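A.B. asks: Sending over model.txt (compact mmCIF, C-alpha atoms).
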# COMPACT_ATOMS: atom_id res chain seq x y z
CA MET A 1 -150.05 32.19 15.41
CA LYS A 2 -147.93 29.40 13.98
CA LYS A 3 -144.16 29.53 14.47
CA LEU A 4 -141.77 28.58 11.68
CA PRO A 5 -138.12 27.50 11.86
CA ILE A 6 -136.19 30.30 10.18
CA HIS A 7 -132.59 30.03 9.04
CA GLU A 8 -132.35 33.70 8.08
CA TYR A 9 -134.26 36.74 6.86
CA PHE A 10 -132.91 39.82 5.14
CA TYR A 11 -133.74 42.68 2.80
CA THR A 12 -132.18 42.51 -0.66
CA TRP A 13 -133.34 42.31 -4.25
CA GLN A 14 -134.34 39.27 -6.25
CA GLY A 15 -131.25 38.02 -8.04
CA GLU A 16 -132.70 35.57 -10.56
CA GLY A 17 -135.72 34.77 -12.67
CA THR A 18 -138.48 36.96 -14.01
CA HIS A 19 -138.43 39.34 -11.04
CA THR A 20 -134.68 39.99 -11.10
CA GLY A 21 -133.74 43.38 -9.68
CA ARG A 22 -136.93 43.96 -7.67
CA SER A 23 -136.57 44.77 -3.98
CA ALA A 24 -137.39 41.71 -1.91
CA PHE A 25 -137.59 40.64 1.71
CA PHE A 26 -136.28 37.08 1.86
CA ILE A 27 -137.40 34.53 4.43
CA ARG A 28 -135.30 31.35 4.35
CA THR A 29 -136.87 28.48 6.25
CA TYR A 30 -134.83 25.77 7.92
CA GLY A 31 -134.90 22.15 6.78
CA CYS A 32 -134.65 20.32 3.47
CA PRO A 33 -135.02 16.59 2.68
CA VAL A 34 -133.81 16.98 -0.95
CA HIS A 35 -130.06 17.21 -0.17
CA CYS A 36 -128.55 18.38 -3.45
CA PRO A 37 -124.79 17.64 -3.44
CA TRP A 38 -124.07 21.15 -4.77
CA CYS A 39 -126.52 23.00 -2.50
CA ASP A 40 -125.58 26.64 -1.92
CA SER A 41 -127.73 26.86 1.22
CA ALA A 42 -126.38 23.80 3.01
CA GLY A 43 -126.64 25.59 6.36
CA THR A 44 -130.38 24.87 6.20
CA TRP A 45 -129.98 21.10 6.43
CA HIS A 46 -126.48 19.62 6.22
CA PRO A 47 -125.32 17.98 9.49
CA ASP A 48 -121.80 19.37 9.08
CA PHE A 49 -123.15 22.93 8.98
CA LYS A 50 -126.14 22.77 11.28
CA PRO A 51 -126.31 26.03 13.26
CA ASP A 52 -126.17 26.01 17.04
CA PHE A 53 -129.57 27.65 17.17
CA VAL A 54 -132.52 27.74 14.80
CA ALA A 55 -134.95 30.54 15.54
CA ARG A 56 -138.66 29.81 15.55
CA LEU A 57 -140.50 32.98 14.64
CA ASP A 58 -144.21 33.48 14.64
CA VAL A 59 -146.01 34.85 11.63
CA ASP A 60 -146.68 38.25 13.21
CA GLU A 61 -142.94 38.76 13.79
CA LEU A 62 -142.11 37.89 10.18
CA VAL A 63 -144.82 40.19 8.84
CA ALA A 64 -143.60 43.07 11.02
CA LEU A 65 -140.04 42.58 9.75
CA ALA A 66 -141.21 42.53 6.14
CA VAL A 67 -143.40 45.62 6.58
CA ALA A 68 -140.48 47.51 8.11
CA ALA A 69 -138.39 46.77 5.02
CA SER A 70 -141.17 47.93 2.66
CA PRO A 71 -140.16 45.63 -0.22
CA ALA A 72 -141.83 45.16 -3.57
CA LEU A 73 -142.33 41.50 -2.68
CA VAL A 74 -141.62 38.82 -0.09
CA VAL A 75 -139.75 35.68 -1.13
CA VAL A 76 -140.10 32.47 0.89
CA THR A 77 -137.27 30.09 0.13
CA GLY A 78 -135.10 27.49 1.84
CA GLY A 79 -133.97 24.83 2.32
CA GLU A 80 -137.27 23.54 1.07
CA PRO A 81 -140.03 25.85 2.30
CA ALA A 82 -142.87 23.62 1.12
CA ILE A 83 -142.20 21.12 3.93
CA HIS A 84 -143.81 23.75 6.19
CA ASP A 85 -147.43 24.87 6.46
CA LEU A 86 -147.24 28.42 5.09
CA ARG A 87 -150.94 29.25 5.03
CA ASP A 88 -150.87 31.57 8.04
CA LEU A 89 -147.78 33.34 6.70
CA THR A 90 -149.16 34.02 3.24
CA ALA A 91 -152.54 35.13 4.60
CA ALA A 92 -150.88 37.57 6.99
CA MET A 93 -148.58 39.00 4.32
CA HIS A 94 -151.51 39.49 1.97
CA ALA A 95 -153.46 41.20 4.75
CA VAL A 96 -150.83 43.97 4.82
CA GLY A 97 -150.65 44.18 1.03
CA LEU A 98 -147.40 42.31 0.42
CA PRO A 99 -147.22 39.86 -2.51
CA VAL A 100 -145.56 36.57 -1.61
CA HIS A 101 -143.36 34.47 -3.89
CA LEU A 102 -142.30 30.88 -3.30
CA GLU A 103 -139.10 29.17 -4.43
CA THR A 104 -139.46 25.38 -4.26
CA SER A 105 -138.13 22.15 -5.70
CA GLY A 106 -141.73 21.12 -6.29
CA ALA A 107 -141.27 17.86 -4.40
CA PHE A 108 -143.84 18.66 -1.69
CA PRO A 109 -147.45 19.93 -1.79
CA ILE A 110 -147.73 23.70 -1.41
CA GLN A 111 -149.54 24.89 1.68
CA GLY A 112 -150.33 28.56 1.25
CA SER A 113 -151.55 31.12 -1.28
CA PHE A 114 -148.71 32.50 -3.39
CA ASP A 115 -148.64 35.22 -6.02
CA TRP A 116 -145.71 33.64 -7.84
CA VAL A 117 -144.27 30.12 -7.71
CA THR A 118 -140.77 29.33 -8.97
CA VAL A 119 -140.24 25.59 -9.38
CA SER A 120 -136.63 24.44 -9.61
CA PRO A 121 -136.82 20.64 -9.89
CA LYS A 122 -134.12 18.40 -8.43
CA ARG A 123 -133.35 14.82 -9.42
CA TRP A 124 -132.81 13.70 -5.82
CA LYS A 125 -136.52 14.15 -5.04
CA PRO A 126 -138.52 14.65 -8.24
CA PRO A 127 -141.26 17.29 -8.47
CA LEU A 128 -144.95 16.52 -8.04
CA ASP A 129 -147.25 16.97 -11.03
CA GLU A 130 -149.61 19.06 -8.92
CA VAL A 131 -146.83 21.55 -8.12
CA LEU A 132 -145.48 21.66 -11.67
CA ALA A 133 -149.00 22.62 -12.75
CA MET A 134 -148.87 25.63 -10.36
CA ALA A 135 -145.52 26.98 -11.58
CA SER A 136 -145.29 30.62 -12.65
CA GLU A 137 -141.79 29.95 -13.95
CA PHE A 138 -139.37 27.04 -14.09
CA LYS A 139 -135.71 27.24 -13.14
CA VAL A 140 -133.48 24.45 -14.38
CA ILE A 141 -130.10 24.14 -12.67
CA VAL A 142 -127.74 23.10 -15.45
CA GLU A 143 -125.07 20.72 -14.17
CA ASN A 144 -123.86 19.49 -17.56
CA ALA A 145 -124.67 19.62 -21.25
CA THR A 146 -127.45 16.99 -21.04
CA THR A 147 -129.36 18.50 -18.11
CA ILE A 148 -131.55 20.88 -20.11
CA GLU A 149 -133.16 18.38 -22.45
CA GLU A 150 -133.63 15.85 -19.63
CA TRP A 151 -135.61 18.33 -17.55
CA TRP A 152 -137.52 19.79 -20.48
CA GLN A 153 -139.05 16.36 -21.12
CA VAL A 154 -140.32 16.42 -17.53
CA LEU A 155 -141.53 20.02 -17.60
CA LYS A 156 -143.02 20.14 -21.11
CA PRO A 157 -146.38 18.48 -20.21
CA HIS A 158 -146.91 21.23 -17.62
CA TRP A 159 -145.78 24.15 -19.75
CA ARG A 160 -148.40 26.85 -20.25
CA GLY A 161 -146.14 29.56 -21.62
CA GLN A 162 -144.09 30.12 -18.45
CA PRO A 163 -140.45 31.17 -18.78
CA VAL A 164 -137.96 28.33 -18.44
CA TRP A 165 -134.77 29.72 -16.92
CA LEU A 166 -131.50 27.90 -17.50
CA ASN A 167 -129.10 28.69 -14.66
CA PRO A 168 -125.62 27.19 -14.44
CA GLU A 169 -125.04 25.25 -11.24
CA TRP A 170 -122.86 27.79 -9.47
CA SER A 171 -119.73 25.66 -9.13
CA GLN A 172 -119.96 25.26 -12.92
CA SER A 173 -120.51 28.95 -13.59
CA ALA A 174 -117.10 29.28 -15.28
CA ASN A 175 -117.38 25.97 -17.15
CA ARG A 176 -117.56 26.83 -20.84
CA GLU A 177 -119.21 23.52 -21.70
CA VAL A 178 -122.11 24.29 -19.37
CA LEU A 179 -122.37 27.96 -20.39
CA ASN A 180 -122.21 27.10 -24.09
CA ALA A 181 -124.86 24.42 -23.64
CA ILE A 182 -127.19 27.06 -22.20
CA SER A 183 -126.37 29.59 -24.92
CA ASP A 184 -126.80 27.05 -27.70
CA TYR A 185 -130.13 25.80 -26.33
CA VAL A 186 -131.56 29.31 -26.02
CA LYS A 187 -130.42 30.26 -29.53
CA LEU A 188 -131.67 27.02 -31.06
CA HIS A 189 -135.07 26.87 -29.35
CA GLY A 190 -135.89 30.48 -28.45
CA ASP A 191 -138.85 31.05 -26.14
CA PRO A 192 -139.65 29.90 -23.50
CA PHE A 193 -135.97 29.30 -22.70
CA ARG A 194 -133.95 32.07 -21.11
CA ALA A 195 -130.32 32.13 -20.01
CA GLY A 196 -130.20 32.76 -16.27
CA TRP A 197 -127.72 33.84 -13.65
CA GLN A 198 -127.56 34.45 -9.90
CA LEU A 199 -126.97 38.16 -10.19
CA HIS A 200 -127.19 38.81 -6.46
CA LYS A 201 -123.95 36.86 -5.99
CA LEU A 202 -122.06 39.21 -8.30
CA TYR A 203 -123.31 42.21 -6.34
CA ASN A 204 -122.95 40.39 -2.99
CA VAL A 205 -126.13 42.26 -2.13
CA ASP A 206 -127.48 39.79 0.44
CA ALA A 207 -124.46 40.41 2.68
CA LEU A 208 -125.32 44.12 2.85
CA ASP A 209 -128.00 43.17 5.38
CA ALA A 210 -126.22 42.00 8.54
CA ARG A 211 -129.12 39.67 9.32
CA SER A 212 -128.24 37.39 6.41
CA ALA A 213 -126.33 34.24 7.29
CA PRO A 214 -122.90 33.50 5.79
CA PRO A 215 -123.42 31.24 2.75
CA VAL A 216 -122.46 27.58 3.10
CA PRO A 217 -121.98 26.12 -0.39
CA LEU A 218 -121.46 22.41 -1.02
CA GLY A 219 -120.97 22.98 -4.73
CA GLY A 220 -117.97 25.23 -4.81
CA ARG A 221 -117.37 28.93 -4.68
CA ILE A 222 -120.07 31.51 -4.03
Give the structure from the file, written as structure tokens.
C.D. replies:
Amino acid sequence: MKKLPIHEYFYTWQGEGTHTGRSAFFIRTYGCPVHCPWCDSAGTWHPDFKPDFVARLDVDELVALAVAASPALVVVTGGEPAIHDLRDLTAAMHAVGLPVHLETSGAFPIQGSFDWVTVSPKRWKPPLDEVLAMASEFKVIVENATTIEEWWQVLKPHWRGQPVWLNPEWSQSANREVLNAISDYVKLHGDPFRAGWQLHKLYNVDALDARSAPPVPLGGRI
């Protein structure tokens, strides 16, 4: 079966979005052409943090690891996972009864069958209309007070009732201007907007699995 470049895999729980708090086996693929300047997974692409070795695991290995964890769901993230052909992976996970979620910038066509698609668009490589139309939820990373409305104008034509999560960019997570902008927008507009957070970072839950890689943030503290 097909091998995939894997930066890390670990058992944790989903720390953001609609499925927050559910047990999850995370598979983080290696490689990302988007290059956000505040990326909190820079070890997946940045030349200054490139690991000495990137494992290439076949689909059967990844499925066996996920089955051993017995999670509620499997999350495929990155980097940018959609640069890889994930059809074999999703088919194999479904064959053993595991739902598979994707976290993507939306900038590349999706190759695979996913039960849930989180699209978090980035300005450095804008999302494709075809992927926005597949989104189960949107996650806007709020860098400043104008970010929300800018992205809503992009997302609105593809909105079908999905939640729109407003997460502070983590290096701005103590910036009252950013936090107040999120709070004000949610209170003013109501649904579908929801204030978001990366709850797993407060719990430091990912680090409880020794297989997780140390975080490499470009955008400030984790």
A.B. asks: Report, in Å to a single decimal, how far apart atom CA of Phe193 of chain A and atom CA of Phe114 of chain A are.
C.D. replies: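 These atoms are spaced 23.4 Å apart.
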A.B. asks: Extract, using only C-alpha atoms, all DNA, RNA and protein residues at most 8 Å from segment 72-87 of chain A, discarding same-chain residues fewer than 2 positions from it, and format them as a count of residues only.
C.D. replies: 38
A.B. asks: Looking at all atoms listed in the file, which of A:Ile182, A:Gln162, A:Arg211, A:Glu150 is the one that sits closest to Trp116 of chain A?
C.D. replies: A:Gln162
A.B. asks: Given only C-alpha atoms as the basis, pick out the residue of A:Gly190, A:Glu8, A:Asp184, A:Glu130 nearest to Pro214 of chain A.
C.D. replies: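 Checking each candidate against Pro214 of chain A, we get A:Glu8 as the closest.
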A.B. asks: Quick one: of A:Val131, A:Pro126, A:Trp38, A:Val67, who's nearest to Gln172 of chain A, counting all atoms listed in the file?
C.D. replies: A:Trp38
A.B. asks: Using only C-alpha atoms, give me every residue within 8 Å of (-141.5, 33.7, 10.4) in file coordinates, as a PyMOL selection string.
C.D. replies: chain A and resi 3-6+27+56-63+89
A.B. asks: Since we have the selection now, will you write its residues out, keeping C-alpha atoms, as a PDB file, in the coordinates of the input?
C.D. replies:
ATOM      1  CA  LYS A   3    -144.160  29.530  14.470  1.00  0.00           C
ATOM      2  CA  LEU A   4    -141.770  28.580  11.680  1.00  0.00           C
ATOM      3  CA  PRO A   5    -138.120  27.500  11.860  1.00  0.00           C
ATOM      4  CA  ILE A   6    -136.190  30.300  10.180  1.00  0.00           C
ATOM      5  CA  ILE A  27    -137.400  34.530   4.430  1.00  0.00           C
ATOM      6  CA  ARG A  56    -138.660  29.810  15.550  1.00  0.00           C
ATOM      7  CA  LEU A  57    -140.500  32.980  14.640  1.00  0.00           C
ATOM      8  CA  ASP A  58    -144.210  33.480  14.640  1.00  0.00           C
ATOM      9  CA  VAL A  59    -146.010  34.850  11.630  1.00  0.00           C
ATOM     10  CA  ASP A  60    -146.680  38.250  13.210  1.00  0.00           C
ATOM     11  CA  GLU A  61    -142.940  38.760  13.790  1.00  0.00           C
ATOM     12  CA  LEU A  62    -142.110  37.890  10.180  1.00  0.00           C
ATOM     13  CA  VAL A  63    -144.820  40.190   8.840  1.00  0.00           C
ATOM     14  CA  LEU A  89    -147.780  33.340   6.700  1.00  0.00           C
TER      15      LEU A  89
END
A.B. asks: For Cys36 of chain A, list every protein, DNA or RNA residue within 9 Å, evaluated using all atoms listed in the file, and leave out those in the same chain fewer than 6 positions away; present the list as number ranges by chain.
C.D. replies: A: 42, 122-124, 218-219
A.B. asks: May I have the residues from that selection written out with C-alpha atoms, as an mmCIF file, keeping the file's coordinate frame?
C.D. replies:
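Below you can see selection29.cif, which holds the result:
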data_model
loop_
_atom_site.group_PDB
_atom_site.id
_atom_site.type_symbol
_atom_site.label_atom_id
_atom_site.label_comp_id
_atom_site.auth_asym_id
_atom_site.auth_seq_id
_atom_site.Cartn_x
_atom_site.Cartn_y
_atom_site.Cartn_z
ATOM 1 C CA ALA A 42 -126.380 23.800 3.010
ATOM 2 C CA LYS A 122 -134.120 18.400 -8.430
ATOM 3 C CA ARG A 123 -133.350 14.820 -9.420
ATOM 4 C CA TRP A 124 -132.810 13.700 -5.820
ATOM 5 C CA LEU A 218 -121.460 22.410 -1.020
ATOM 6 C CA GLY A 219 -120.970 22.980 -4.730
#
A.B. asks: Applying 9 Å and only C-alpha atoms, which residues near Ile148 of chain A remain after dropping the ones on its own chain fewer than 4 positions away? List them as a PyMOL selection string.
C.D. replies: chain A and resi 140-144+152-153+166+181-182+185
